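Next comes structure32.cif, with mmCIF, N, CA and C atoms.
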data_target
loop_
_atom_site.label_atom_id
_atom_site.label_comp_id
_atom_site.auth_asym_id
_atom_site.auth_seq_id
_atom_site.Cartn_x
_atom_site.Cartn_y
_atom_site.Cartn_z
N GLN A 226 190.77 166.03 114.33
CA GLN A 226 190.32 164.84 115.04
C GLN A 226 191.54 164.14 115.64
N VAL A 227 191.40 163.71 116.87
CA VAL A 227 192.47 163.00 117.55
C VAL A 227 192.14 161.52 117.59
N GLN A 228 193.13 160.70 117.47
CA GLN A 228 192.97 159.25 117.61
C GLN A 228 193.75 158.80 118.83
N LEU A 229 193.22 157.78 119.51
CA LEU A 229 193.82 157.27 120.74
C LEU A 229 194.13 155.79 120.59
N ALA A 230 195.28 155.38 121.07
CA ALA A 230 195.68 153.98 120.99
C ALA A 230 196.24 153.53 122.33
N GLU A 231 195.56 152.56 122.94
CA GLU A 231 195.99 152.04 124.23
C GLU A 231 196.92 150.85 124.04
N SER A 232 197.76 150.64 125.03
CA SER A 232 198.62 149.45 125.07
C SER A 232 198.99 149.18 126.51
N GLY A 233 199.56 148.00 126.74
CA GLY A 233 200.06 147.67 128.06
C GLY A 233 199.22 146.71 128.86
N GLY A 234 198.05 146.36 128.33
CA GLY A 234 197.22 145.41 129.05
C GLY A 234 197.82 144.01 129.03
N GLY A 235 197.23 143.13 129.82
CA GLY A 235 197.72 141.76 129.86
C GLY A 235 197.17 141.03 131.06
N SER A 236 197.76 139.89 131.34
CA SER A 236 197.35 139.07 132.48
C SER A 236 198.38 139.18 133.58
N VAL A 237 197.91 139.31 134.80
CA VAL A 237 198.81 139.47 135.93
C VAL A 237 198.19 138.82 137.16
N LEU A 238 199.02 138.37 138.06
CA LEU A 238 198.52 137.81 139.31
C LEU A 238 198.11 138.92 140.27
N ALA A 239 197.17 138.61 141.13
CA ALA A 239 196.74 139.57 142.14
C ALA A 239 197.94 140.06 142.93
N GLY A 240 197.95 141.37 143.19
CA GLY A 240 199.08 141.97 143.87
C GLY A 240 200.13 142.53 142.94
N GLY A 241 200.03 142.19 141.67
CA GLY A 241 201.00 142.66 140.70
C GLY A 241 200.68 144.05 140.18
N SER A 242 201.48 144.48 139.22
CA SER A 242 201.35 145.83 138.67
C SER A 242 201.36 145.80 137.15
N LEU A 243 200.71 146.77 136.57
CA LEU A 243 200.74 146.99 135.13
C LEU A 243 200.72 148.48 134.88
N THR A 244 201.30 148.88 133.76
CA THR A 244 201.21 150.27 133.34
C THR A 244 200.61 150.32 131.94
N LEU A 245 199.51 151.03 131.82
CA LEU A 245 198.85 151.21 130.54
C LEU A 245 199.33 152.53 129.92
N SER A 246 199.40 152.54 128.61
CA SER A 246 199.77 153.75 127.87
C SER A 246 198.69 154.08 126.88
N CYS A 247 198.51 155.36 126.64
CA CYS A 247 197.56 155.83 125.63
C CYS A 247 198.25 156.93 124.83
N VAL A 248 198.48 156.63 123.56
CA VAL A 248 199.14 157.59 122.68
C VAL A 248 198.10 158.29 121.82
N ALA A 249 198.18 159.61 121.80
CA ALA A 249 197.27 160.40 120.97
C ALA A 249 197.97 160.80 119.68
N SER A 250 197.23 160.71 118.60
CA SER A 250 197.77 161.13 117.30
C SER A 250 196.71 161.97 116.59
N GLY A 251 197.11 162.57 115.50
CA GLY A 251 196.19 163.44 114.78
C GLY A 251 196.25 164.84 115.36
N TYR A 252 195.12 165.49 115.49
CA TYR A 252 195.06 166.85 116.01
C TYR A 252 195.12 166.78 117.54
N THR A 253 196.33 166.59 118.06
CA THR A 253 196.49 166.31 119.49
C THR A 253 196.21 167.52 120.38
N TYR A 254 196.04 168.70 119.79
CA TYR A 254 195.74 169.86 120.62
C TYR A 254 194.30 169.81 121.11
N SER A 255 193.47 169.01 120.48
CA SER A 255 192.06 168.95 120.85
C SER A 255 191.82 167.92 121.93
N ARG A 256 192.55 168.00 123.01
CA ARG A 256 192.36 167.07 124.13
C ARG A 256 192.64 167.82 125.42
N ASN A 257 191.66 168.47 125.97
CA ASN A 257 191.83 169.24 127.19
C ASN A 257 191.83 168.35 128.43
N CYS A 258 191.08 167.29 128.37
CA CYS A 258 190.97 166.36 129.49
C CYS A 258 191.11 164.96 128.92
N MET A 259 191.95 164.15 129.55
CA MET A 259 192.08 162.76 129.13
C MET A 259 191.85 161.86 130.33
N ALA A 260 191.34 160.68 130.06
CA ALA A 260 190.94 159.82 131.17
C ALA A 260 191.08 158.35 130.80
N TRP A 261 191.03 157.54 131.84
CA TRP A 261 190.95 156.10 131.72
C TRP A 261 189.61 155.64 132.28
N PHE A 262 188.96 154.78 131.53
CA PHE A 262 187.73 154.13 131.97
C PHE A 262 187.94 152.63 131.90
N ARG A 263 187.08 151.90 132.54
CA ARG A 263 187.10 150.45 132.43
C ARG A 263 185.69 149.93 132.37
N GLN A 264 185.56 148.76 131.77
CA GLN A 264 184.24 148.18 131.60
C GLN A 264 184.33 146.67 131.60
N VAL A 265 183.39 146.06 132.31
CA VAL A 265 183.23 144.61 132.28
C VAL A 265 181.91 144.32 131.59
N PRO A 266 181.80 143.16 130.99
CA PRO A 266 180.56 142.84 130.26
C PRO A 266 179.34 142.96 131.14
N GLY A 267 178.32 143.62 130.63
CA GLY A 267 177.07 143.74 131.36
C GLY A 267 177.00 144.93 132.30
N LYS A 268 178.10 145.67 132.41
CA LYS A 268 178.12 146.83 133.30
C LYS A 268 178.47 148.09 132.52
N GLU A 269 178.14 149.23 133.12
CA GLU A 269 178.45 150.51 132.49
C GLU A 269 179.95 150.79 132.58
N ARG A 270 180.39 151.63 131.66
CA ARG A 270 181.78 152.05 131.67
C ARG A 270 182.02 152.91 132.92
N GLU A 271 183.11 152.62 133.62
CA GLU A 271 183.41 153.25 134.90
C GLU A 271 184.66 154.13 134.78
N GLY A 272 184.56 155.37 135.23
CA GLY A 272 185.70 156.26 135.23
C GLY A 272 186.72 155.84 136.27
N VAL A 273 187.98 155.76 135.87
CA VAL A 273 189.04 155.33 136.77
C VAL A 273 189.91 156.52 137.19
N ALA A 274 190.35 157.29 136.22
CA ALA A 274 191.21 158.44 136.52
C ALA A 274 191.21 159.38 135.33
N ALA A 275 191.51 160.65 135.61
CA ALA A 275 191.57 161.66 134.55
C ALA A 275 192.69 162.65 134.86
N VAL A 276 193.13 163.33 133.81
CA VAL A 276 194.17 164.34 133.98
C VAL A 276 193.87 165.54 133.09
N SER A 277 194.03 166.70 133.67
CA SER A 277 193.89 167.94 132.91
C SER A 277 195.18 168.17 132.14
N MET A 278 195.10 168.23 130.82
CA MET A 278 196.30 168.29 130.01
C MET A 278 197.02 169.63 130.15
N ALA A 279 196.31 170.67 130.49
CA ALA A 279 196.94 171.98 130.62
C ALA A 279 197.64 172.14 131.95
N GLY A 280 196.93 171.85 133.03
CA GLY A 280 197.49 172.11 134.36
C GLY A 280 198.05 170.90 135.06
N GLY A 281 197.73 169.70 134.55
CA GLY A 281 198.24 168.49 135.17
C GLY A 281 197.47 168.00 136.38
N THR A 282 196.37 168.66 136.71
CA THR A 282 195.56 168.19 137.84
C THR A 282 195.02 166.80 137.53
N THR A 283 195.10 165.92 138.52
CA THR A 283 194.63 164.55 138.33
C THR A 283 193.41 164.27 139.20
N TYR A 284 192.62 163.34 138.73
CA TYR A 284 191.41 162.90 139.41
C TYR A 284 191.43 161.38 139.40
N VAL A 285 191.15 160.79 140.56
CA VAL A 285 191.19 159.34 140.67
C VAL A 285 189.94 158.87 141.40
N ALA A 286 189.34 157.82 140.89
CA ALA A 286 188.13 157.29 141.51
C ALA A 286 188.45 156.66 142.87
N GLY A 287 187.47 156.74 143.76
CA GLY A 287 187.66 156.25 145.10
C GLY A 287 188.14 154.81 145.21
N PRO A 288 187.53 153.88 144.47
CA PRO A 288 187.90 152.47 144.61
C PRO A 288 189.36 152.16 144.25
N VAL A 289 190.01 153.02 143.51
CA VAL A 289 191.39 152.73 143.08
C VAL A 289 192.39 153.73 143.63
N GLN A 290 191.91 154.65 144.46
CA GLN A 290 192.85 155.62 145.04
C GLN A 290 193.94 154.90 145.82
N ASP A 291 195.12 155.44 145.76
CA ASP A 291 196.31 154.90 146.43
C ASP A 291 196.84 153.63 145.77
N ARG A 292 196.16 153.17 144.71
CA ARG A 292 196.67 152.02 143.96
C ARG A 292 196.94 152.38 142.50
N PHE A 293 196.10 153.24 141.92
CA PHE A 293 196.23 153.64 140.52
C PHE A 293 196.69 155.09 140.45
N PHE A 294 197.57 155.36 139.48
CA PHE A 294 198.10 156.71 139.32
C PHE A 294 198.12 157.07 137.84
N ILE A 295 197.61 158.24 137.53
CA ILE A 295 197.58 158.70 136.14
C ILE A 295 198.64 159.77 135.96
N SER A 296 199.30 159.73 134.81
CA SER A 296 200.32 160.72 134.53
C SER A 296 200.32 161.04 133.04
N GLN A 297 201.04 162.06 132.65
CA GLN A 297 201.06 162.50 131.26
C GLN A 297 202.48 162.83 130.84
N ASP A 298 202.73 162.66 129.58
CA ASP A 298 203.98 163.10 128.96
C ASP A 298 203.59 163.84 127.70
N ASN A 299 203.49 165.16 127.81
CA ASN A 299 203.00 165.95 126.68
C ASN A 299 203.93 165.87 125.48
N ALA A 300 205.21 165.71 125.73
CA ALA A 300 206.16 165.62 124.62
C ALA A 300 205.90 164.37 123.77
N LYS A 301 205.37 163.35 124.40
CA LYS A 301 205.09 162.09 123.70
C LYS A 301 203.62 161.93 123.39
N ASN A 302 202.81 162.96 123.71
CA ASN A 302 201.35 162.87 123.50
C ASN A 302 200.79 161.61 124.12
N THR A 303 201.22 161.31 125.32
CA THR A 303 200.88 160.04 125.96
C THR A 303 200.42 160.27 127.40
N ILE A 304 199.42 159.51 127.80
CA ILE A 304 199.08 159.41 129.21
C ILE A 304 199.29 157.98 129.65
N TYR A 305 199.49 157.81 130.94
CA TYR A 305 199.76 156.49 131.50
C TYR A 305 198.81 156.23 132.66
N LEU A 306 198.61 154.96 132.93
CA LEU A 306 197.89 154.54 134.11
C LEU A 306 198.73 153.48 134.80
N GLN A 307 199.36 153.88 135.88
CA GLN A 307 200.15 152.95 136.68
C GLN A 307 199.19 152.26 137.65
N MET A 308 199.10 150.95 137.57
CA MET A 308 198.17 150.19 138.41
C MET A 308 198.96 149.26 139.30
N ASN A 309 198.86 149.47 140.60
CA ASN A 309 199.57 148.67 141.59
C ASN A 309 198.59 147.86 142.44
N SER A 310 199.11 146.87 143.10
CA SER A 310 198.30 146.04 144.01
C SER A 310 197.00 145.61 143.33
N LEU A 311 197.13 145.10 142.15
CA LEU A 311 195.94 144.74 141.37
C LEU A 311 195.14 143.63 142.04
N LYS A 312 193.82 143.74 141.87
CA LYS A 312 192.90 142.78 142.44
C LYS A 312 192.07 142.16 141.31
N ALA A 313 191.45 141.05 141.61
CA ALA A 313 190.62 140.39 140.60
C ALA A 313 189.50 141.31 140.12
N VAL A 314 189.00 142.17 141.00
CA VAL A 314 187.91 143.08 140.63
C VAL A 314 188.36 144.16 139.65
N ASP A 315 189.68 144.28 139.46
CA ASP A 315 190.20 145.26 138.49
C ASP A 315 190.16 144.70 137.07
N THR A 316 189.83 143.43 136.93
CA THR A 316 189.74 142.82 135.61
C THR A 316 188.68 143.52 134.77
N ALA A 317 189.08 144.01 133.61
CA ALA A 317 188.16 144.77 132.76
C ALA A 317 188.88 145.14 131.47
N MET A 318 188.09 145.66 130.52
CA MET A 318 188.67 146.31 129.36
C MET A 318 188.91 147.76 129.75
N TYR A 319 190.09 148.25 129.54
CA TYR A 319 190.43 149.61 129.91
C TYR A 319 190.49 150.48 128.65
N TYR A 320 189.80 151.61 128.72
CA TYR A 320 189.71 152.52 127.58
C TYR A 320 190.32 153.88 127.92
N CYS A 321 190.96 154.45 126.94
CA CYS A 321 191.44 155.82 127.03
C CYS A 321 190.40 156.73 126.37
N ALA A 322 190.20 157.91 126.94
CA ALA A 322 189.22 158.84 126.41
C ALA A 322 189.78 160.25 126.44
N ALA A 323 189.27 161.08 125.54
CA ALA A 323 189.71 162.47 125.48
C ALA A 323 188.51 163.38 125.26
N ARG A 324 188.63 164.58 125.82
CA ARG A 324 187.59 165.58 125.64
C ARG A 324 188.25 166.85 125.13
N SER A 325 187.71 167.40 124.07
CA SER A 325 188.21 168.66 123.55
C SER A 325 187.40 169.82 124.11
N ALA A 326 188.00 170.98 124.14
CA ALA A 326 187.36 172.26 124.46
C ALA A 326 187.00 172.45 125.92
N TYR A 327 186.87 171.39 126.68
CA TYR A 327 186.48 171.53 128.08
C TYR A 327 187.48 170.78 128.95
N ASP A 328 187.81 171.39 130.09
CA ASP A 328 188.73 170.76 131.02
C ASP A 328 187.99 169.78 131.91
N CYS A 329 188.73 168.94 132.61
CA CYS A 329 188.14 167.90 133.43
C CYS A 329 187.21 168.46 134.50
N TRP A 330 187.54 169.64 135.02
CA TRP A 330 186.77 170.17 136.14
C TRP A 330 185.44 170.78 135.71
N SER A 331 185.22 170.93 134.41
CA SER A 331 184.02 171.61 133.93
C SER A 331 182.80 170.71 133.91
N TYR A 332 183.00 169.44 134.18
CA TYR A 332 181.89 168.49 134.16
C TYR A 332 182.28 167.32 135.04
N ASN A 333 181.46 166.30 135.05
CA ASN A 333 181.80 165.10 135.82
C ASN A 333 182.84 164.30 135.03
N TRP A 334 184.09 164.36 135.46
CA TRP A 334 185.16 163.73 134.69
C TRP A 334 184.96 162.23 134.56
N ASP A 335 184.22 161.66 135.48
CA ASP A 335 184.03 160.21 135.46
C ASP A 335 182.76 159.78 134.74
N SER A 336 182.18 160.71 134.00
CA SER A 336 181.01 160.37 133.19
C SER A 336 181.45 160.14 131.76
N SER A 337 181.11 158.99 131.22
CA SER A 337 181.53 158.67 129.86
C SER A 337 180.91 159.63 128.85
N ASP A 338 179.79 160.25 129.21
CA ASP A 338 179.13 161.20 128.30
C ASP A 338 179.99 162.43 128.02
N PHE A 339 180.93 162.72 128.90
CA PHE A 339 181.74 163.93 128.78
C PHE A 339 182.75 163.84 127.64
N TYR A 340 183.15 162.64 127.26
CA TYR A 340 184.26 162.46 126.34
C TYR A 340 183.78 162.25 124.91
N ASN A 341 184.54 162.81 123.98
CA ASN A 341 184.11 162.71 122.59
C ASN A 341 185.06 161.89 121.72
N THR A 342 186.12 161.35 122.31
CA THR A 342 187.02 160.47 121.56
C THR A 342 187.42 159.30 122.44
N TRP A 343 187.41 158.12 121.86
CA TRP A 343 187.72 156.90 122.62
C TRP A 343 188.71 156.04 121.85
N GLY A 344 189.54 155.33 122.61
CA GLY A 344 190.38 154.33 122.01
C GLY A 344 189.65 153.01 121.91
N GLN A 345 190.36 152.00 121.40
CA GLN A 345 189.76 150.68 121.19
C GLN A 345 189.78 149.82 122.44
N GLY A 346 190.60 150.17 123.40
CA GLY A 346 190.64 149.44 124.65
C GLY A 346 191.78 148.43 124.72
N THR A 347 192.17 148.12 125.94
CA THR A 347 193.19 147.09 126.19
C THR A 347 192.73 146.28 127.39
N GLN A 348 192.79 144.97 127.27
CA GLN A 348 192.26 144.08 128.29
C GLN A 348 193.25 143.88 129.44
N VAL A 349 192.74 143.99 130.65
CA VAL A 349 193.52 143.70 131.85
C VAL A 349 192.82 142.56 132.58
N THR A 350 193.56 141.49 132.85
CA THR A 350 193.01 140.33 133.55
C THR A 350 193.87 140.05 134.77
N VAL A 351 193.23 140.06 135.93
CA VAL A 351 193.94 139.81 137.18
C VAL A 351 193.42 138.51 137.76
N SER A 352 194.30 137.59 137.99
CA SER A 352 193.89 136.29 138.53
C SER A 352 194.41 136.15 139.96
N SER A 353 193.58 135.52 140.76
CA SER A 353 193.94 135.35 142.18
C SER A 353 194.53 133.99 142.43
#

Translate this file's structure into structure tokens.
Amino acid sequence: QVQLAESGGGSVLAGGSLTLSCVASGYTYSRNCMAWFRQVPGKEREGVAAVSMAGGTTYVAGPVQDRFFISQDNAKNTIYLQMNSLKAVDTAMYYCAARSAYDCWSYNWDSSDFYNTWGQGTQVTVSS
């Protein structure tokens, strides 16, 4: 079983940047696809970006393309979400997720149903 721990959230002014980190511990080999999701109260969890841990292929949702970037550091069992040009609409709880046995391309990477391990989340608040 793998455990995920997010960090790096906080409050920032519109136009600013934040970098989120997600550290995996436990049986870290059981994470073929890792992703970032976000959720605001009353709405469904939304896929933001994903990365294939084997090949490094990345997937980014349309609304955040060219502003958000996902990366990985396998030596540190960590993925990152670099968020630039933040907007008020980016305000949400951000979650790290992992899927074992299946790569990101084998299903809809932006579907929360695909992932079997979740972190506790880190809050990002963007004020205008």

With all atoms listed in the file as the basis for distance, which of A:Cys258, A:Ile304, A:Ala279, A:Leu229 is at the shortest distance from Cys329 in chain A?
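Closest candidate: A:Cys258.
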
Within 8 Å of Thr350 in chain A, counting all atoms listed in the file, which residues show up once you throw out same-chain ones fewer than 6 positions away? Write them as a PyMOL selection string, please.
chain A and resi 234-239+312-313+315-318

Could you tell me which of A:Thr244, A:Gln228, A:Ser277, A:Gln297 comes closest to Ser331 in chain A if we count only C-alpha atoms?
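Of the candidates, the smallest distance to Ser331 in chain A is held by A:Ser277.
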
Could you give me, as a list in words, the residues that have an atom at most 10 Å away from the point (196.4, 157.7, 143.3) in the coordinates of the file, using only C-alpha atoms?
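Checking each residue against the 10 Å limit leaves Ala274, Thr283, Tyr284, Val285, Ala286, Gly287, Val289, Gln290, Asp291, Arg292, Phe293, Phe294, Ile295, Leu306, Gln307, Met308 and Asn309 of chain A.
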
Using DSSP assignments from the backbone, pull out every residue in chain A that falls under strand (DSSP E or B) and give it to me as a ChimeraX atom specification.
/A:227-232,235-238,243-251,258-264,271-277,283-285,293-298,303-308,317-324,342-343,347-352

6.5 Å contact set for Lys301 in chain A, all atoms listed in the file, chain neighbours under 3 positions out, as an NGL selection string:
:A and (248-249 or 298)

Selected residue, from A:Tyr252, A:Tyr305, A:Trp334, A:Trp261, that lies nearest to Ala322 in chain A when counting only N, CA and C atoms
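For Ala322 in chain A, the nearest of the candidates is A:Trp261.
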
Tell me which of A:Leu243, A:Met278, A:Val314, A:Cys321 sits closest to Gly346 in chain A, counting all atoms listed in the file.
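Residue with the minimum atom-to-atom distance to Gly346 in chain A: A:Cys321.
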
Rounded to one decimal, what separation in Å do you get between CA of Ser353 in chain A and CA of Leu245 in chain A?
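So the two atoms, CA of Ser353 in chain A and CA of Leu245 in chain A, lie 20.3 Å apart.
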
Once the PyMOL selection byres ((chain A and resi 257) around 8) has been evaluated on this model, what residues remain selected, and can you format them as JSON, numbers by chain?
{"A": [253, 254, 255, 256, 258, 259, 260, 276, 277, 278, 279, 280, 323, 324, 325, 326, 327, 328, 329, 330]}

Would you mind reading off the distance between atom N of Gly344 in chain A and CA of Val265 in chain A, one decimal, in Å?
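Separation of atom N of Gly344 in chain A and CA of Val265 in chain A: 15.8 Å.
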
Taking only N, CA and C atoms into account, name the residue in A:Gly241, A:Gly251, A:Gly281, A:Gly233 that is nearest to Leu311 in chain A.
A:Gly241

Taking into account all atoms listed in the file, which residue in the set A:Gln345, A:Tyr319, A:Tyr332, A:Thr303 is nearest to Arg263 in chain A?
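Nearest candidate to Arg263 in chain A out of A:Gln345, A:Tyr319, A:Tyr332, A:Thr303: A:Tyr319.
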
Let me have the centre and edge lengths of the axis-aligned box enclosing all listed atoms of range 276-286 of chain A with 3 Å padding on every side, in Å to one decimal, as JSON.
{"center_x": 193.2, "center_y": 164.4, "center_z": 136.4, "size_x": 16.1, "size_y": 21.5, "size_z": 18.9}

Distance CA of Trp343 in chain A-atom N of Pro266 in chain A, one decimal place?
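For CA of Trp343 in chain A relative to atom N of Pro266 in chain A, the distance reads 17.1 Å.
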